[in-house]
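**Q** Could you have a look at this structure, given as structure tokens, before my questions?
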Amino acid sequence: IFYSPEWKARLGYADDELPNRNEEWESRLHPDDRDATLASLTTALADPAILLRSYESRLRHRDGSWRWFLVSALIFRDAAGAPVRTVGCHVDITAIKAGQKVLMDSERRFRCLIEHSRDAVVVFSDDRQVVYASPSTTRMMGYRQDELPGLQADDFVSPDSLGAFVAQIAESLRRPREAVPVEGFVRHKSGEYRYLEGVLVNLLDDPAVKGVVCNYRDMTQRMEAEAAVVASETRY
């Protein structure tokens, strides 16, 4: 067994502080990785066809923290296929793993906000095709989340509102990343029309979105209440 000074340094030790013993590596394996790591190496060593084994695992640093490593183990074998030597290369990927965790946490937080928001979100392509619909779409429009993607806005926007909506989409295409007001009647899955109000934001240039985002809410009840007030005032 030989551990290079660089390997020891990655764990916070000087070259003369860690003896070249197998236990120095094995005892530092994370408990959640230990069994899988040892089983993977045992399987690789026992199979004459395997000359290279790669895996990810955590090792305990001198300061008590856990460091992620991408390990590539090159297996040298004799003429009979028996392992005679193994050379391992350890690449510290702790920063990459931390970045992945931040991204995953951010995605979970965003998903939670979208799923429980009073507003709904629909993302259109530049030709008005739906490419994404948030869960709130079911509550507002009656469609399942997977029923709208692939449909054209023309399929559910009221004929009386379609011309204005097309113009609003065109305005959004001319003004990337600016909020463009949008409103109109949209057909509910039941067949009735609901009055929706919101904003369009052109994020076609954003690789994570690649669409025109429409954030909207159902204003039907408010519109009906306002109409009732006007009718009442006119009557009296």
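Labels used: A, B, ... for chains in the order of the structure tokens, numbers from 1 for residues in each chain, and numbers from 1 for ligands as shown.
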Report as CSV the residues of stretch 89-202 of chain A within 10 Å of stretch 44-60 of chain A, each with its shortest atom pair and distance in Å (one decimal), using only C-alpha atoms, ordered by chain and increasing residue number.

**A**
```
residue,atom,partner,partner_atom,distance
A:Cys89,CA,A:Ser54,CA,9.4
A:His90,CA,A:Glu56,CA,9.3
A:Val91,CA,A:Glu56,CA,9.5
A:Asp92,CA,A:Arg58,CA,9.5
A:Ile93,CA,A:Glu56,CA,8.9
A:Thr94,CA,A:Arg58,CA,8.8
```

**Q** Can you pull out every residue within 12 Å of stretch 33-35 of chain A, counting only C-alpha atoms, but drop anything in the same chain fewer than 2 positions away, and send it as a PyMOL selection string?

**A** chain A and resi 25-31+37-42+55-60+66+68-69

**Q** Hey, which of A:Tyr195, A:Tyr13, A:Phe124, A:Phe76 ends up closest to A:Met223? Count only C-alpha atoms.

**A** A:Tyr195

**Q** Which residues, written as an MDAnalysis selection string, have at least one atom at most 12 Å from A:Tyr3, with only C-alpha atoms counted and residues fewer than 6 positions away on the same chain left out?

**A** chainID A and resid 9:11 13:25 86:90

**Q** Take atom CA of A:Ala133 and atom CA of A:Ala120 and report the distance between them in Å, one decimal.

**A**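 Going from atom CA of A:Ala133 over to atom CA of A:Ala120 covers 7.8 Å.
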
**Q** From stretch 38-193 of chain A, collect each residue whose DSSP state is helix (DSSP H, G or I) and return the set as a VMD selection string.

**A** chain A and resid 38 to 46 94 to 115 136 to 141 153 to 155 159 to 174

**Q** Would you return as a PyMOL selection string the members of stretch 4-236 of chain A that DSSP assigns to strand (DSSP E or B) on this structure's backbone?

**A** chain A and resi 29+52-60+66-77+83-92+120-124+129-133+152+157+179-187+193-203+211-218

**Q** Residues of stretch 148-170 of chain A that have any atom at most 12 Å from an atom of stretch 202-218 of chain A: could you tabulate them with the shortest-distance atom pair and the distance in Å to one decimal, using only C-alpha atoms, ordered by chain and increasing number, as a tab-separated table?

**A**
```
residue	atom	partner	partner_atom	distance
A:Ala153	CA	A:Cys214	CA	11.5
A:Phe165	CA	A:Cys214	CA	11.3
A:Gln168	CA	A:Cys214	CA	10.9
A:Ile169	CA	A:Val212	CA	8.1
A:Ala170	CA	A:Asn202	CA	10.0
```

**Q** Emit the selected residues as a PDB file, in the first residue's frame, including all heavy atoms.

**A**
```pdb
ATOM      1  N   ALA A 153     -52.473  28.218 -27.938  1.00  0.00           N
ATOM      2  CA  ALA A 153     -53.326  29.159 -27.206  1.00  0.00           C
ATOM      3  C   ALA A 153     -54.658  29.326 -27.924  1.00  0.00           C
ATOM      4  O   ALA A 153     -55.708  29.499 -27.285  1.00  0.00           O
ATOM      5  CB  ALA A 153     -52.622  30.499 -27.068  1.00  0.00           C
ATOM      6  N   PHE A 165     -54.767  38.728 -27.486  1.00  0.00           N
ATOM      7  CA  PHE A 165     -53.734  37.873 -26.912  1.00  0.00           C
ATOM      8  C   PHE A 165     -52.571  37.716 -27.887  1.00  0.00           C
ATOM      9  O   PHE A 165     -51.397  37.768 -27.492  1.00  0.00           O
ATOM     10  CB  PHE A 165     -54.310  36.503 -26.558  1.00  0.00           C
ATOM     11  CG  PHE A 165     -53.304  35.561 -25.961  1.00  0.00           C
ATOM     12  CD1 PHE A 165     -52.883  35.710 -24.653  1.00  0.00           C
ATOM     13  CD2 PHE A 165     -52.748  34.541 -26.721  1.00  0.00           C
ATOM     14  CE1 PHE A 165     -51.927  34.858 -24.108  1.00  0.00           C
ATOM     15  CE2 PHE A 165     -51.804  33.682 -26.185  1.00  0.00           C
ATOM     16  CZ  PHE A 165     -51.399  33.850 -24.874  1.00  0.00           C
ATOM     17  N   GLN A 168     -50.552  40.723 -27.699  1.00  0.00           N
ATOM     18  CA  GLN A 168     -49.785  40.809 -26.454  1.00  0.00           C
ATOM     19  C   GLN A 168     -48.564  39.884 -26.504  1.00  0.00           C
ATOM     20  O   GLN A 168     -47.480  40.243 -26.018  1.00  0.00           O
ATOM     21  CB  GLN A 168     -50.703  40.465 -25.272  1.00  0.00           C
ATOM     22  CG  GLN A 168     -51.742  41.544 -25.005  1.00  0.00           C
ATOM     23  CD  GLN A 168     -52.975  41.026 -24.281  1.00  0.00           C
ATOM     24  OE1 GLN A 168     -53.202  39.825 -24.154  1.00  0.00           O
ATOM     25  NE2 GLN A 168     -53.795  41.958 -23.810  1.00  0.00           N
ATOM     26  N   ILE A 169     -48.725  38.706 -27.090  1.00  0.00           N
ATOM     27  CA  ILE A 169     -47.581  37.801 -27.273  1.00  0.00           C
ATOM     28  C   ILE A 169     -46.537  38.458 -28.179  1.00  0.00           C
ATOM     29  O   ILE A 169     -45.322  38.427 -27.904  1.00  0.00           O
ATOM     30  CB  ILE A 169     -48.028  36.459 -27.882  1.00  0.00           C
ATOM     31  CG1 ILE A 169     -48.704  35.587 -26.820  1.00  0.00           C
ATOM     32  CG2 ILE A 169     -46.842  35.704 -28.475  1.00  0.00           C
ATOM     33  CD1 ILE A 169     -47.784  34.866 -25.872  1.00  0.00           C
ATOM     34  N   ALA A 170     -46.998  39.058 -29.266  1.00  0.00           N
ATOM     35  CA  ALA A 170     -46.080  39.728 -30.193  1.00  0.00           C
ATOM     36  C   ALA A 170     -45.333  40.856 -29.493  1.00  0.00           C
ATOM     37  O   ALA A 170     -44.129  41.053 -29.715  1.00  0.00           O
ATOM     38  CB  ALA A 170     -46.858  40.264 -31.393  1.00  0.00           C
TER      39      ALA A 170
END
```

**Q** Record the distance separating atom CA of A:Pro135 and atom CA of A:Leu200, expressed in Å with one decimal.

**A**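 Between these atoms lies a distance of 18.2 Å.
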
**Q** I'd like to know which of A:Met141, A:Leu162, A:Ala98, A:Arg77 is closest to A:Thr220, using only C-alpha atoms.

**A** A:Met141

**Q** Quick one: distance from atom CA of A:Val199 to atom CA of A:Val186 in Å, one decimal?

**A**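 Going from atom CA of A:Val199 over to atom CA of A:Val186, I get 14.8 Å.
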
**Q** For a quick check of understanding, using only C-alpha atoms, which of A:Gln221, A:Ile1, A:Tyr193, A:Glu147 has the smallest distance to A:Val131?

**A** A:Glu147

**Q** So which one's closest to A:Pro176, A:Arg194, A:Asp126, A:Val201, A:Tyr143? Using only C-alpha atoms, please.

**A**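 Distance minimum relative to A:Pro176 lands on A:Val201.
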